[in-house]
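Undergrad: Below is one structure. I have some questions about it.
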Amino acid sequence: MRFLFKTDYDDDIRLLPHSGYVYSYGLLLAVLLIAPHVLSSYLMSQLVFVCIYATVGVGLLILTGFTGQASLGHAAFLAIGAYTAAYLQQFDVPFPVYFLAAGLLTGVVGALVGFPALRLQGIYLVIATISFAFIVEEILARWESVTHGNEGMRVKTMQLLGTSVSRDSPTFYYLCLAVLVLTIIGTLNLLRSPTGRAFVAIRDSETAARSMGINVSLYKVKSFAISAAITGFAGVLFAHKLSFISPEMFTLQLSIEFIIVILIGGTFSLHGAVLGAIFLVMIDPFLTYLKDDMPGVIAGVAAAFGAGKERAGHIQDAVAAFASANGLKGAIYGIIIVVFVLFEPLGLYGRWLKIKLFFQLFPLYKRATFKRQKIYVKSERNR
Amino acid sequence: MLDFVQQLVSGIALGCVYGLIALGFVLVYKATEVVNFAQGDLMMLGGFFAFTFIGMLGLNYWVGFAGAVAAMALFGMLAERVVVRPILGYPQFSIIMATIGLGYFLRSVSGIIWGTDDFKIETPFSQGVLRIGSLVLAYDKLSVIAATIILCTLLYLFFNRTTLGTAMRASSENMLAAYYMGIPVKRVVSIVWAISAAVAACAGVLLAPITFIHSNVGLVLGLKAFPAAVLGGFGSIPGAVVGGVLIGVIESMAGFYLPQGWKDVAPYIVLLAVLLLKPEGLFGLHVRKKV
């Protein structure tokens with residue numbers, strides 16, 4: 001085991017506490033950089049979605065994970081970013097300009113949403129953000145002179161530095177990856193700054209934060225704005241990746257997916273956003289695999305265990321029928337959410353930490369280290 | 001003028017639908033401070049149970065109705081035992097997510113079992129209209145209004161006058177203290193879920209002739225009933241019905257007098273406005289936190 005001897009505050013807030021971090025993240029970055037030359041185009045496409053979802057996840061983590069303000073309206077921020085890009089693109093605005101403009105506009109909208117949200121707590125905040133998302137969705141469908149309503153908008157191929165970057169090219173992947181990495185580094189820096197510590201203080205106890213002299217309203221609005229702006233940046237990439245956007249893409253369902261990303265990944269660390277995004281995006285290929293290959297595999301196993309050829313055939317048909325049932329995806333989603341909330345509240349990153357600690361402390365690991373304390377919340381009405 | 005009154009009446013009828021579902025939200029919240037996002041889906045499941053009993057097994061309407069309510073009460077207890085009890089006492093957000101997950105699960109499983117078609121139940125209220133002057137009101141809508149009033153009164157009395165109701169309120173305010181006072185908190189929570197699932201089943205069966213039953217009906221109506229509950233102040237039973245009626249009337253008026261598209265957004269705009277002025281809803285309790 002390694003002991004870090006910290007002698008001053010700078011040691012404590014270092015982004016890379018020791019050389020192990022440099023090697024492992026360097027290795028990860030190298031793998032990600034050579035990925036386009038190794039993986040199939042379908043997997044590359046999924047990887048781009050992982051980057052976009054992870055960027056949104058980081059944005060949502062700032063608001064929900066670190067400031068403690070729940071939001072089920074992030075699809076609306078994504079939509080604003082995407083539509084800003086699509087709209088400005090019509091006037092031949094270069095990519096860097098509309099990319100920044102989209103983030104800026106979304107940030108301003110986020111701040112505007114943050115103001116009414118100041119007085120709201122818990123469930124009221126959730127419903128307020130849902131309402132906001134519905135209103136945005138309806139505006140997108142009705143403001144036809146700008147958004148083309150339900151017909152949707154076509155997004156042209158990105159022009160970057162005089163070359164056109166198609167949505168399936170490695171360059172586009174590198175761009176998404178760069179945005180994600182920059183967002184993560186920026187957020188890490190934010191979180192070790194006074195602003196970030198104020199966010200965490202507000203999450204842990206608003207009353208305590210206020211009594212320590214933190215301007216709670218100001219920081220909540222800041223958190224909303226930053227979170228929205230990051231989501232807006234992701235929205236631009238999202239629009240380019242899909243190359244076509246319409247209002248029904250940005251529904252409550254998508255907001256819930258973003259929440260699932262951070263919930264499954266773990267809400268206490270930025271690793272969670274990335275792990276959650278990988279999990280959520282890779283569910284689709286996995287389910288397709290389940291649908292196509294599982295029946296044969298299970299029948300093969302059944303045959304190996306002595307089932308007759310006819311029985312095996314029946315089993316194969318039954319499994320195939322089950323796997324292709326309409327809406328199986330929804331059931332699996334539901335089960336995954338419930339299982340994570342019940343058994344893995346710290347998410348995938350929490351599981352990773354547990355495994356890591358198990359080997360570091362072997363054979364002294366004890367389960368109680370990560371046991372959740374029942375807190376028996378008193379009525380939130382009296383907060 | 002007549003148009004206005006007709007819109008008002010149909011708005012109230014629609015609002016009672018929302019109010020009926022919102023009652024279920026409020027019940028669970030009032031007793032356990034948990035928001036059950038799967039409430040609409042419990043309603044949908046109740047409708048499907050009733051369809052199975054009445055439409056497929058050919059039982060009498062009232063027997064099927066009672067059967068569906070009883071089955072849903074049991075199902076509510078089961079759902080509480082499996083999904084909610086293990087995380088009782090943890091922050092609200094995890095429970096919200098768990099119930100969202102439960103909703104996903106119920107929607108797609110019922111889609112797999114009963115298919116994705118629209119179903120209809122033959123009820124005694126299916127045909128006929130009530131005419132008062134030149135006002136027209138269909139019996140099926142009238143049945144919803146009547147049921148909403150009856151259930152709201154019963155539940156209000158139950159919460160405020162009976163020992164069990166008092167125990168529920170106590171356990172919502174402070175679970176640990178309630179337990180020390182000898183209240184079997186776990187059983188109380190379980191009963192609340194049974195009641196709220198039963199209310200949801202009532203809503204599902206009564207709505208069957210109006211909205212039909214399909215696997216997404218719960219999501220659609222639940223998303224309208226939820227603002228209703230919030231508008232009324234989440235912990236108040238009469239508030240849920242008032243909120244529901246308000247939302248229904250606003251929707252119906254906006255659909256009639258405003259240009260197309262306002263109908264769906266107007267309730268949410270009003271909701272945001274109310275939350276700005278009164279963050280606890282119209283009938284919510286405002287209690288300062290003591291440090």
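Residue names in the structure tokens use chain letters A, B, ... in the order shown, residue numbers from 1 in each chain, and ligand numbers from 1 in the order shown.
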Contacts from chain B to chain A, 6 Å maximum, only C-alpha atoms: show me the residue list as a short mmCIF file (atom, residue, chain, number, x, y, z; two decimals) with C-alpha atoms, in the first residue's frame.
TA:
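Wrote selection-v2.cif, looks like this:
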```cif
data_model
loop_
_atom_site.label_atom_id
_atom_site.label_comp_id
_atom_site.auth_asym_id
_atom_site.auth_seq_id
_atom_site.Cartn_x
_atom_site.Cartn_y
_atom_site.Cartn_z
CA GLY B 89 -34.89 6.16 5.33
CA ALA B 98 -36.25 3.43 -7.77
CA GLY B 101 -37.32 2.19 -12.53
CA LEU B 102 -40.39 0.37 -11.26
CA TYR B 104 -40.29 1.43 -16.65
CA PHE B 105 -40.54 -2.18 -15.63
CA SER B 108 -42.87 -2.78 -20.61
CA GLU B 173 -42.84 13.43 10.26
CA ASN B 174 -40.19 11.45 12.03
CA VAL B 265 -48.08 23.77 -21.93
CA TYR B 268 -46.99 23.75 -16.65
CA LEU B 276 -42.53 30.97 -7.91
CA PRO B 279 -42.93 27.23 -3.31
CA VAL B 287 -42.68 25.49 8.26
CA LYS B 289 -36.47 25.14 9.73
#
```
Undergrad: Do you know which residues are at most 9 Å from Ala234 in chain A counting only C-alpha atoms, after dropping those on the same chain fewer than 2 positions away, and could you put them as a list in words?
TA: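 That gives Cys51, Ile52, Tyr53, Ala54, Thr55, Val56, Leu78, Gly81, Ala82, Gly103, Cys176, Val179, Leu180, Ala229, Ile230, Thr231, Gly232, Val236, Leu237, Phe238 and Ala239 of chain A.
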Undergrad: Expressed in Å to a single decimal, how great is the separation between CA of Ala197 in chain B and CA of Pro209 in chain B?
TA: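 Atom-to-atom, CA of Ala197 in chain B to CA of Pro209 in chain B, that is 19.7 Å.
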Undergrad: Go ahead and compute the interatomic distance for CA of Pro295 in chain A and CA of Ile278 in chain A, in Å to one decimal.
TA: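 Going from CA of Pro295 in chain A over to CA of Ile278 in chain A, I get 25.5 Å.
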Undergrad: Asp3 in chain B: which residues within 12 Å, counting only C-alpha atoms, same-chain residues fewer than 2 positions away excluded, as a ChimeraX atom specification?
TA: /B:1,5-11,134-136,252-253,256-257
Undergrad: For C-alpha atoms, I'd like the residues from the last selection saved as a PDB file, in the first residue's frame.
TA:
```pdb
ATOM      1  CA  MET B   1     -71.417  31.964 -22.168  1.00  0.00           C
ATOM      2  CA  VAL B   5     -69.819  26.750 -18.874  1.00  0.00           C
ATOM      3  CA  GLN B   6     -69.511  23.653 -21.033  1.00  0.00           C
ATOM      4  CA  GLN B   7     -65.723  24.039 -21.132  1.00  0.00           C
ATOM      5  CA  LEU B   8     -65.701  24.598 -17.384  1.00  0.00           C
ATOM      6  CA  VAL B   9     -67.697  21.463 -16.717  1.00  0.00           C
ATOM      7  CA  SER B  10     -65.648  19.286 -19.018  1.00  0.00           C
ATOM      8  CA  GLY B  11     -62.515  20.828 -17.508  1.00  0.00           C
ATOM      9  CA  SER B 134     -78.361  22.589 -22.668  1.00  0.00           C
ATOM     10  CA  LEU B 135     -75.342  21.335 -20.735  1.00  0.00           C
ATOM     11  CA  VAL B 136     -74.196  17.842 -21.616  1.00  0.00           C
ATOM     12  CA  SER B 252     -59.666  22.758 -21.201  1.00  0.00           C
ATOM     13  CA  MET B 253     -59.896  26.565 -21.342  1.00  0.00           C
ATOM     14  CA  PHE B 256     -60.675  26.309 -26.363  1.00  0.00           C
ATOM     15  CA  TYR B 257     -59.628  29.956 -26.202  1.00  0.00           C
TER      16      TYR B 257
END
```
Undergrad: Compare A:Ala79, A:Ile184, A:Ala277, A:Val38 by their minimum atom-to-atom distance to Leu15 in chain A, counting only C-alpha atoms, and give me the closest one.
TA: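 Looking at the shortest contact to Leu15 in chain A, the residue is A:Ile184.
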Undergrad: List every residue of range 219-310 of chain A that has an atom at most 10 Å from any atom of range 194-197 of chain A, giving for each one its closest atom pair and the distance in Å to one decimal, counting only C-alpha atoms, sorted by chain and then by ascending residue number, as a tab-separated table.
TA:
```
residue	atom	partner	partner_atom	distance
A:Tyr219	CA	A:Thr195	CA	7.4
A:Lys222	CA	A:Thr195	CA	8.8
A:Ser223	CA	A:Gly196	CA	9.0
```
Undergrad: If you count only C-alpha atoms, which residues fall within 9 Å of range 37-40 of chain B, apart from same-chain ones fewer than 2 positions away, as a PyMOL selection string?
TA: chain B and resi 21-22+24-25+35+42-45+96-104+106+196-197+200+204+217-223+225-226
Undergrad: Tell me which protein, DNA and RNA residues are within 12 Å of Arg85 in chain B, counting only C-alpha atoms, leaving out same-chain ones fewer than 6 positions away, and put them as an MDAnalysis selection string.
TA: (chainID A and resid 341:342) or (chainID B and resid 32 34 77:79 95 98:99 185:190 193)
Undergrad: Write a file of the selected residues as a compact mmCIF listing (two decimals), in the first residue's frame, keeping C-alpha atoms.
TA:
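Done, and the output landed in out.txt:
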```txt
# COMPACT_ATOMS: atom_id res chain seq x y z
CA VAL A 341 -30.50 1.98 -6.30
CA LEU A 342 -31.00 -0.96 -3.96
CA THR B 32 -43.80 8.26 3.98
CA VAL B 34 -41.66 9.28 -0.69
CA MET B 77 -47.71 -4.19 -0.81
CA LEU B 78 -45.44 -6.39 -2.90
CA ALA B 79 -43.92 -3.41 -4.69
CA ILE B 95 -36.39 6.42 -3.88
CA ALA B 98 -36.25 3.43 -7.77
CA THR B 99 -39.90 4.20 -8.49
CA VAL B 185 -43.57 1.87 10.92
CA LYS B 186 -42.87 -0.87 8.39
CA ARG B 187 -46.42 -2.19 8.52
CA VAL B 188 -47.80 1.35 8.30
CA VAL B 189 -45.80 2.06 5.17
CA SER B 190 -46.91 -1.21 3.67
CA TRP B 193 -48.78 1.55 -0.42
```
Undergrad: Could you give me the residues within range 111-171 of chain A that DSSP places in helix (DSSP H, G or I), as a ChimeraX atom specification?
TA: /A:111-117,122-142,144-147,149-151,170-171
Undergrad: Taking C-alpha atoms for each residue, export the selection above as a PDB file, in the first residue's frame.
TA:
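Output file again-v2.pdb is given in full below:
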```
ATOM      1  CA  ALA A 111     -29.116  30.763 -14.979  1.00  0.00           C
ATOM      2  CA  LEU A 112     -32.633  31.969 -15.764  1.00  0.00           C
ATOM      3  CA  VAL A 113     -33.979  28.574 -14.701  1.00  0.00           C
ATOM      4  CA  GLY A 114     -31.776  28.720 -11.634  1.00  0.00           C
ATOM      5  CA  PHE A 115     -33.455  31.850 -10.308  1.00  0.00           C
ATOM      6  CA  PRO A 116     -36.945  30.408  -9.869  1.00  0.00           C
ATOM      7  CA  ALA A 117     -35.342  27.222  -8.597  1.00  0.00           C
ATOM      8  CA  GLY A 122     -36.442  18.383  -3.464  1.00  0.00           C
ATOM      9  CA  ILE A 123     -39.553  17.238  -5.212  1.00  0.00           C
ATOM     10  CA  TYR A 124     -40.730  20.742  -6.098  1.00  0.00           C
ATOM     11  CA  LEU A 125     -37.467  21.376  -7.887  1.00  0.00           C
ATOM     12  CA  VAL A 126     -37.841  18.120  -9.805  1.00  0.00           C
ATOM     13  CA  ILE A 127     -41.307  19.057 -11.026  1.00  0.00           C
ATOM     14  CA  ALA A 128     -40.202  22.605 -11.861  1.00  0.00           C
ATOM     15  CA  THR A 129     -37.382  21.300 -14.069  1.00  0.00           C
ATOM     16  CA  ILE A 130     -39.754  18.805 -15.697  1.00  0.00           C
ATOM     17  CA  SER A 131     -42.166  21.658 -16.436  1.00  0.00           C
ATOM     18  CA  PHE A 132     -39.335  23.723 -17.886  1.00  0.00           C
ATOM     19  CA  ALA A 133     -38.372  20.844 -20.169  1.00  0.00           C
ATOM     20  CA  PHE A 134     -41.960  20.426 -21.362  1.00  0.00           C
ATOM     21  CA  ILE A 135     -42.249  24.113 -22.127  1.00  0.00           C
ATOM     22  CA  VAL A 136     -39.000  24.114 -24.102  1.00  0.00           C
ATOM     23  CA  GLU A 137     -40.117  21.037 -26.025  1.00  0.00           C
ATOM     24  CA  GLU A 138     -43.389  22.743 -26.920  1.00  0.00           C
ATOM     25  CA  ILE A 139     -41.640  25.973 -27.942  1.00  0.00           C
ATOM     26  CA  LEU A 140     -39.355  23.981 -30.242  1.00  0.00           C
ATOM     27  CA  ALA A 141     -42.392  22.365 -31.821  1.00  0.00           C
ATOM     28  CA  ARG A 142     -44.269  25.661 -32.275  1.00  0.00           C
ATOM     29  CA  GLU A 144     -41.596  27.229 -36.700  1.00  0.00           C
ATOM     30  CA  SER A 145     -39.773  30.244 -38.175  1.00  0.00           C
ATOM     31  CA  VAL A 146     -36.661  29.292 -36.200  1.00  0.00           C
ATOM     32  CA  THR A 147     -36.956  25.593 -35.422  1.00  0.00           C
ATOM     33  CA  GLY A 149     -41.419  22.791 -35.800  1.00  0.00           C
ATOM     34  CA  ASN A 150     -42.068  19.087 -35.871  1.00  0.00           C
ATOM     35  CA  GLU A 151     -40.460  18.719 -39.292  1.00  0.00           C
ATOM     36  CA  PRO A 170     -12.124   9.750 -36.616  1.00  0.00           C
ATOM     37  CA  THR A 171     -11.650  13.532 -36.495  1.00  0.00           C
TER      38      THR A 171
END
```
Undergrad: If I take CA of Ala146 in chain B and CA of Ile269 in chain B, how far is one from the other in Å, to one decimal?
TA: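 A separation of 28.7 Å between them.
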Undergrad: Find the residues around Gly67 in chain B up to 10 Å (only C-alpha atoms counted), leave out those fewer than 6 positions away in its own chain, and share them as a PyMOL selection string.
TA: chain B and resi 46+49-50+53-54+59+61+73+201
Undergrad: With N, CA and C atoms retained, export the selected residues as a PDB file, in the first residue's frame.
TA:
```
ATOM      1  N   GLY B  46     -53.871  -1.442 -12.804  1.00  0.00           N
ATOM      2  CA  GLY B  46     -55.214  -1.666 -12.289  1.00  0.00           C
ATOM      3  C   GLY B  46     -56.214  -1.808 -13.425  1.00  0.00           C
ATOM      4  N   PHE B  49     -55.773  -5.200 -14.986  1.00  0.00           N
ATOM      5  CA  PHE B  49     -56.362  -6.251 -14.147  1.00  0.00           C
ATOM      6  C   PHE B  49     -57.870  -6.291 -14.360  1.00  0.00           C
ATOM      7  N   ALA B  50     -58.502  -5.098 -14.320  1.00  0.00           N
ATOM      8  CA  ALA B  50     -59.947  -5.044 -14.501  1.00  0.00           C
ATOM      9  C   ALA B  50     -60.332  -5.583 -15.872  1.00  0.00           C
ATOM     10  N   PHE B  53     -60.222  -9.316 -15.697  1.00  0.00           N
ATOM     11  CA  PHE B  53     -61.349  -9.899 -14.973  1.00  0.00           C
ATOM     12  C   PHE B  53     -62.652  -9.744 -15.741  1.00  0.00           C
ATOM     13  N   ILE B  54     -62.903  -8.545 -16.266  1.00  0.00           N
ATOM     14  CA  ILE B  54     -64.204  -8.260 -16.874  1.00  0.00           C
ATOM     15  C   ILE B  54     -64.239  -8.662 -18.343  1.00  0.00           C
ATOM     16  N   LEU B  59     -66.402 -11.632 -15.926  1.00  0.00           N
ATOM     17  CA  LEU B  59     -67.055 -11.426 -14.639  1.00  0.00           C
ATOM     18  C   LEU B  59     -67.981 -10.209 -14.703  1.00  0.00           C
ATOM     19  N   TYR B  61     -69.297  -6.528 -13.766  1.00  0.00           N
ATOM     20  CA  TYR B  61     -68.475  -5.325 -13.691  1.00  0.00           C
ATOM     21  C   TYR B  61     -68.011  -5.038 -12.269  1.00  0.00           C
ATOM     22  N   ALA B  73     -54.126  -3.793  -4.459  1.00  0.00           N
ATOM     23  CA  ALA B  73     -53.695  -3.529  -3.086  1.00  0.00           C
ATOM     24  C   ALA B  73     -52.570  -4.492  -2.715  1.00  0.00           C
ATOM     25  N   ALA B 201     -55.983   1.759  -8.671  1.00  0.00           N
ATOM     26  CA  ALA B 201     -56.802   0.797  -9.409  1.00  0.00           C
ATOM     27  C   ALA B 201     -58.180   1.382  -9.677  1.00  0.00           C
TER      28      ALA B 201
END
```
Undergrad: Compare A:Phe250, A:Phe49, A:Phe305, A:Tyr25 by their minimum atom-to-atom distance to Tyr83 in chain A, counting only C-alpha atoms, and give me the closest one.
TA: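 Selected residue with least distance to Tyr83 in chain A: A:Phe250.
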Undergrad: Determine which residues of range 23-205 of chain A DSSP labels as strand (DSSP E) from the backbone of this structure, then write them out as JSON, numbers by chain.
TA: {"A": [153, 154, 158, 159, 160, 163, 164, 165]}
Undergrad: Write the residues of the selection above to a file with N, CA and C atoms, as a PDB file, in the first residue's frame.
TA:
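Result file result-v7.pdb:
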```pdb
ATOM      1  N   MET A 153     -34.911  19.779 -38.024  1.00  0.00           N
ATOM      2  CA  MET A 153     -33.897  20.532 -38.762  1.00  0.00           C
ATOM      3  C   MET A 153     -32.774  19.609 -39.181  1.00  0.00           C
ATOM      4  N   ARG A 154     -32.292  19.855 -40.369  1.00  0.00           N
ATOM      5  CA  ARG A 154     -31.135  19.101 -40.841  1.00  0.00           C
ATOM      6  C   ARG A 154     -29.872  19.839 -40.389  1.00  0.00           C
ATOM      7  N   MET A 158     -20.046  19.335 -40.378  1.00  0.00           N
ATOM      8  CA  MET A 158     -19.263  20.340 -39.678  1.00  0.00           C
ATOM      9  C   MET A 158     -18.091  20.812 -40.538  1.00  0.00           C
ATOM     10  N   GLN A 159     -17.867  22.126 -40.586  1.00  0.00           N
ATOM     11  CA  GLN A 159     -16.695  22.690 -41.263  1.00  0.00           C
ATOM     12  C   GLN A 159     -15.721  23.162 -40.205  1.00  0.00           C
ATOM     13  N   LEU A 160     -14.558  22.524 -40.169  1.00  0.00           N
ATOM     14  CA  LEU A 160     -13.589  22.895 -39.144  1.00  0.00           C
ATOM     15  C   LEU A 160     -12.257  23.198 -39.818  1.00  0.00           C
ATOM     16  N   THR A 163     -11.754  22.296 -43.517  1.00  0.00           N
ATOM     17  CA  THR A 163     -12.056  20.955 -43.992  1.00  0.00           C
ATOM     18  C   THR A 163     -13.409  20.524 -43.434  1.00  0.00           C
ATOM     19  N   SER A 164     -14.097  19.670 -44.150  1.00  0.00           N
ATOM     20  CA  SER A 164     -15.368  19.207 -43.621  1.00  0.00           C
ATOM     21  C   SER A 164     -15.140  17.922 -42.826  1.00  0.00           C
ATOM     22  N   VAL A 165     -15.757  17.884 -41.653  1.00  0.00           N
ATOM     23  CA  VAL A 165     -15.565  16.755 -40.746  1.00  0.00           C
ATOM     24  C   VAL A 165     -16.855  15.955 -40.717  1.00  0.00           C
TER      25      VAL A 165
END
```
Undergrad: Got a sec: who's within 9 Å of Ala312 in chain A, counting only C-alpha atoms, leaving out chain neighbours fewer than 3 positions off, as a count of residues only?
TA: 12
